[in-house]
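Reading through the structure tokens given below for one structure.
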Amino acid sequence: MSDALERVSRARGVSDPKLEESPRVVESGADILTLHAVAGGAPAPAGDRVTRLAIREIGRTYFVPVSSIDWIEGADYYVKLHVGGRVHLLREPLRSLGQRLDPTRFARVHRSAIVNLARIREIRVAARGDHTLILDDATRLRLTRGRRRDLEALIETAPG
């Protein structure tokens, strides 16, 4: 039995000789892009940034270029990718996806939203010190006051 298989078997209390013969199986619904997570929850190095995301539906998998994403909305263990008027559902927590995105192009603006910096048209003052982001497609997103200064600095240095 391989060393890794022995550790898994011991950890799960399984000692089945058939495990040696069985092919390595990836859990159904696992996202291939998240199998190689960066240790410690740190952002992925620049060379490991994702350029496309695999969206799985019944009977097909299609790919969405990260550069075409307008903004990303957190929804429990899923994220909604807002791309040119369409919404794609991806099973991955917002925090995990945010760590894999390029921080010079995407920024967290709220606990449940990440925005493509190139899509921000303006920032407006809202009630109680918060702000509202207006995107190119007229979408309005809440910007918390603690993230405003960082966002403005990122927008000034963001490419394209």
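Chain labels follow the order of the structure tokens: the first chain is A, the next B, and so on; residue numbering restarts at 1 in every chain, and ligands are counted from 1 in their shown order.
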
* To do: Select from segment 32-159 of chain A everything DSSP, run on the backbone, classes as helix (DSSP H, G or I), then give the selection as a ChimeraX atom specification.
  => /A:32-34,39-41,46-48,66-68,94-100,117-119,127-129,145-157

Just to be explicit: take each residue in the selection above, keep C-alpha atoms, and write the result as a CSV table (one decimal), in the first residue's frame.
chain,number,residue,atom,x,y,z
A,32,ILE,CA,-10.3,20.7,-10.2
A,33,LEU,CA,-9.2,24.3,-9.8
A,34,THR,CA,-9.3,24.1,-6.0
A,39,ALA,CA,-1.1,26.4,2.3
A,40,GLY,CA,-2.0,28.8,5.1
A,41,GLY,CA,-4.9,30.5,3.3
A,46,ALA,CA,1.2,35.5,-9.3
A,47,GLY,CA,1.9,32.5,-11.5
A,48,ASP,CA,-0.9,30.5,-10.0
A,66,VAL,CA,-11.9,35.7,-15.3
A,67,SER,CA,-11.3,38.9,-17.2
A,68,SER,CA,-15.0,38.9,-18.3
A,94,LEU,CA,-16.1,33.7,-1.7
A,95,ARG,CA,-13.0,33.8,0.5
A,96,SER,CA,-11.4,30.9,-1.3
A,97,LEU,CA,-12.1,32.3,-4.8
A,98,GLY,CA,-10.9,35.8,-3.7
A,99,GLN,CA,-7.5,34.3,-2.8
A,100,ARG,CA,-7.1,32.9,-6.2
A,117,LEU,CA,-11.7,47.1,-10.7
A,118,ALA,CA,-11.9,47.8,-14.4
A,119,ARG,CA,-15.7,47.8,-14.2
A,127,ALA,CA,-25.7,57.0,4.3
A,128,ARG,CA,-23.8,56.7,7.5
A,129,GLY,CA,-20.3,56.9,6.0
A,145,ARG,CA,-16.2,52.6,4.8
A,146,GLY,CA,-13.2,50.5,6.0
A,147,ARG,CA,-12.5,49.4,2.4
A,148,ARG,CA,-12.9,52.7,0.6
A,149,ARG,CA,-9.3,54.1,0.9
A,150,ASP,CA,-7.8,50.8,-0.1
A,151,LEU,CA,-10.1,50.5,-3.1
A,152,GLU,CA,-9.3,54.0,-4.3
A,153,ALA,CA,-5.6,53.3,-4.2
A,154,LEU,CA,-6.1,50.0,-6.1
A,155,ILE,CA,-8.3,51.7,-8.7
A,156,GLU,CA,-5.6,54.3,-9.4
A,157,THR,CA,-2.9,51.6,-10.0

Pick out each residue of segment 45-123 of chain A that DSSP on the backbone tags as strand (DSSP E); I need them as number ranges by chain. A: 52-57, 60-65, 71-75, 78-83, 86-90, 106-110, 113-116, 120-123

Residue selection dump (C-alpha atoms) as a PDB file, in the first residue's frame:
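See again12.pdb below for the written result:
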ATOM      1  CA  ARG A  52     -10.683  30.733 -16.362  1.00  0.00           C
ATOM      2  CA  LEU A  53     -13.223  29.177 -14.025  1.00  0.00           C
ATOM      3  CA  ALA A  54     -14.909  25.835 -14.727  1.00  0.00           C
ATOM      4  CA  ILE A  55     -18.693  26.012 -14.342  1.00  0.00           C
ATOM      5  CA  ARG A  56     -20.296  22.602 -14.011  1.00  0.00           C
ATOM      6  CA  GLU A  57     -23.887  21.936 -14.951  1.00  0.00           C
ATOM      7  CA  ARG A  60     -21.597  19.786 -19.346  1.00  0.00           C
ATOM      8  CA  THR A  61     -18.744  21.922 -18.101  1.00  0.00           C
ATOM      9  CA  TYR A  62     -18.016  25.311 -19.598  1.00  0.00           C
ATOM     10  CA  PHE A  63     -15.376  27.912 -18.844  1.00  0.00           C
ATOM     11  CA  VAL A  64     -15.740  31.579 -17.951  1.00  0.00           C
ATOM     12  CA  PRO A  65     -12.703  33.842 -18.488  1.00  0.00           C
ATOM     13  CA  TRP A  71     -18.476  41.248 -10.011  1.00  0.00           C
ATOM     14  CA  ILE A  72     -18.826  38.233  -7.729  1.00  0.00           C
ATOM     15  CA  GLU A  73     -21.516  37.749  -5.101  1.00  0.00           C
ATOM     16  CA  GLY A  74     -21.133  35.395  -2.153  1.00  0.00           C
ATOM     17  CA  ALA A  75     -24.027  33.007  -1.475  1.00  0.00           C
ATOM     18  CA  TYR A  78     -21.387  29.192  -3.608  1.00  0.00           C
ATOM     19  CA  VAL A  79     -20.517  32.310  -5.545  1.00  0.00           C
ATOM     20  CA  LYS A  80     -22.539  33.982  -8.257  1.00  0.00           C
ATOM     21  CA  LEU A  81     -20.365  35.222 -11.097  1.00  0.00           C
ATOM     22  CA  HIS A  82     -21.998  38.242 -12.754  1.00  0.00           C
ATOM     23  CA  VAL A  83     -20.748  38.310 -16.331  1.00  0.00           C
ATOM     24  CA  ARG A  86     -25.645  36.624 -16.998  1.00  0.00           C
ATOM     25  CA  VAL A  87     -25.154  34.886 -13.660  1.00  0.00           C
ATOM     26  CA  HIS A  88     -23.101  31.689 -13.307  1.00  0.00           C
ATOM     27  CA  LEU A  89     -23.142  29.615 -10.120  1.00  0.00           C
ATOM     28  CA  LEU A  90     -19.865  28.147  -8.862  1.00  0.00           C
ATOM     29  CA  PHE A 106     -10.183  42.312  -8.215  1.00  0.00           C
ATOM     30  CA  ALA A 107     -10.976  43.719  -4.760  1.00  0.00           C
ATOM     31  CA  ARG A 108     -13.277  42.745  -1.933  1.00  0.00           C
ATOM     32  CA  VAL A 109     -15.664  45.661  -1.402  1.00  0.00           C
ATOM     33  CA  HIS A 110     -18.040  44.073   1.066  1.00  0.00           C
ATOM     34  CA  ALA A 113     -18.921  41.015  -2.871  1.00  0.00           C
ATOM     35  CA  ILE A 114     -15.759  41.143  -4.965  1.00  0.00           C
ATOM     36  CA  VAL A 115     -15.579  43.540  -7.895  1.00  0.00           C
ATOM     37  CA  ASN A 116     -13.505  43.743 -11.073  1.00  0.00           C
ATOM     38  CA  ILE A 120     -16.053  50.511 -11.556  1.00  0.00           C
ATOM     39  CA  ARG A 121     -17.400  53.743 -13.052  1.00  0.00           C
ATOM     40  CA  GLU A 122     -17.761  55.831  -9.879  1.00  0.00           C
ATOM     41  CA  ILE A 123     -17.972  55.856  -6.094  1.00  0.00           C
TER      42      ILE A 123
END

- Work out how far apart atom CA of Asp70 of chain A and atom CA of Leu135 of chain A are and give it in Å to one decimal.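 Atom-to-atom, atom CA of Asp70 of chain A to atom CA of Leu135 of chain A, that is 8.1 Å.
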
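Distance-wise, atom CA of Arg49 of chain A and atom CA of Pro103 of chain A end up 9.5 Å apart.
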
Excluding His131 of chain A and any residue of its chain fewer than 2 positions from it, enumerate the residues within 7 Å of it, using only C-alpha atoms, and give them as a short mmCIF file (atom, residue, chain, number, x, y, z; two decimals) with all heavy atoms, in the first residue's frame.
data_model
loop_
_atom_site.label_atom_id
_atom_site.label_comp_id
_atom_site.auth_asym_id
_atom_site.auth_seq_id
_atom_site.Cartn_x
_atom_site.Cartn_y
_atom_site.Cartn_z
N ILE A 123 -17.68 56.13 -7.50
CA ILE A 123 -17.97 55.86 -6.09
C ILE A 123 -18.81 57.02 -5.58
O ILE A 123 -18.40 58.18 -5.71
CB ILE A 123 -16.68 55.73 -5.26
CG1 ILE A 123 -15.80 54.60 -5.78
CG2 ILE A 123 -17.02 55.52 -3.79
CD1 ILE A 123 -14.44 54.51 -5.10
N ARG A 124 -19.96 56.71 -5.00
CA ARG A 124 -20.84 57.75 -4.46
C ARG A 124 -20.96 57.60 -2.95
O ARG A 124 -20.96 56.48 -2.43
CB ARG A 124 -22.24 57.65 -5.05
CG ARG A 124 -22.28 58.00 -6.51
CD ARG A 124 -23.69 58.08 -6.99
NE ARG A 124 -23.71 58.37 -8.42
CZ ARG A 124 -24.77 58.26 -9.17
NH1 ARG A 124 -25.93 57.88 -8.65
NH2 ARG A 124 -24.72 58.54 -10.45
N VAL A 125 -21.09 58.73 -2.27
CA VAL A 125 -21.27 58.72 -0.82
C VAL A 125 -22.70 58.27 -0.53
O VAL A 125 -23.65 58.73 -1.15
CB VAL A 125 -21.02 60.12 -0.22
CG1 VAL A 125 -21.28 60.11 1.27
CG2 VAL A 125 -19.60 60.57 -0.52
N ALA A 126 -22.83 57.36 0.42
CA ALA A 126 -24.15 56.86 0.83
C ALA A 126 -24.36 57.22 2.31
O ALA A 126 -23.57 57.96 2.90
CB ALA A 126 -24.23 55.36 0.62
N GLY A 129 -21.72 57.05 6.29
CA GLY A 129 -20.30 56.87 6.01
C GLY A 129 -19.99 55.77 5.01
O GLY A 129 -18.85 55.61 4.61
N LEU A 133 -20.81 51.78 -4.99
CA LEU A 133 -20.07 51.66 -6.24
C LEU A 133 -21.06 51.58 -7.38
O LEU A 133 -22.05 50.85 -7.30
CB LEU A 133 -19.22 50.38 -6.25
CG LEU A 133 -18.06 50.28 -5.29
CD1 LEU A 133 -17.41 48.92 -5.43
CD2 LEU A 133 -17.05 51.38 -5.56
N ARG A 142 -22.63 47.97 -2.51
CA ARG A 142 -22.27 48.65 -1.28
C ARG A 142 -20.76 48.52 -1.05
O ARG A 142 -20.19 47.44 -1.21
CB ARG A 142 -23.02 48.03 -0.11
CG ARG A 142 -22.76 48.72 1.18
CD ARG A 142 -23.66 48.16 2.27
NE ARG A 142 -23.23 48.70 3.54
CZ ARG A 142 -23.14 48.00 4.64
NH1 ARG A 142 -23.46 46.73 4.65
NH2 ARG A 142 -22.73 48.56 5.75
N LEU A 143 -20.15 49.62 -0.70
CA LEU A 143 -18.73 49.65 -0.35
C LEU A 143 -18.64 50.08 1.11
O LEU A 143 -19.08 51.18 1.46
CB LEU A 143 -17.97 50.65 -1.24
CG LEU A 143 -16.53 50.97 -0.86
CD1 LEU A 143 -15.66 49.72 -0.96
CD2 LEU A 143 -15.98 52.07 -1.75
N THR A 144 -18.10 49.23 1.95
CA THR A 144 -18.00 49.58 3.36
C THR A 144 -16.92 50.63 3.56
O THR A 144 -15.94 50.69 2.82
CB THR A 144 -17.69 48.34 4.22
OG1 THR A 144 -16.52 47.71 3.73
CG2 THR A 144 -18.84 47.35 4.20
N ARG A 145 -17.11 51.47 4.57
CA ARG A 145 -16.19 52.60 4.76
C ARG A 145 -14.76 52.16 5.03
O ARG A 145 -13.82 52.83 4.64
CB ARG A 145 -16.71 53.51 5.86
CG ARG A 145 -16.52 52.98 7.26
CD ARG A 145 -17.05 53.92 8.28
NE ARG A 145 -18.48 53.66 8.42
CZ ARG A 145 -19.19 54.03 9.45
NH1 ARG A 145 -18.64 54.69 10.42
NH2 ARG A 145 -20.46 53.74 9.51
#

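Using only C-alpha atoms, the nearest neighbour of Ala138 of chain A within the list A:Val50, A:Gly84, A:Asp76, A:Ile58 is A:Gly84.
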
Atom pair atom CA of Arg111 of chain A + atom CA of Leu141 of chain A, distance 11.4 Å
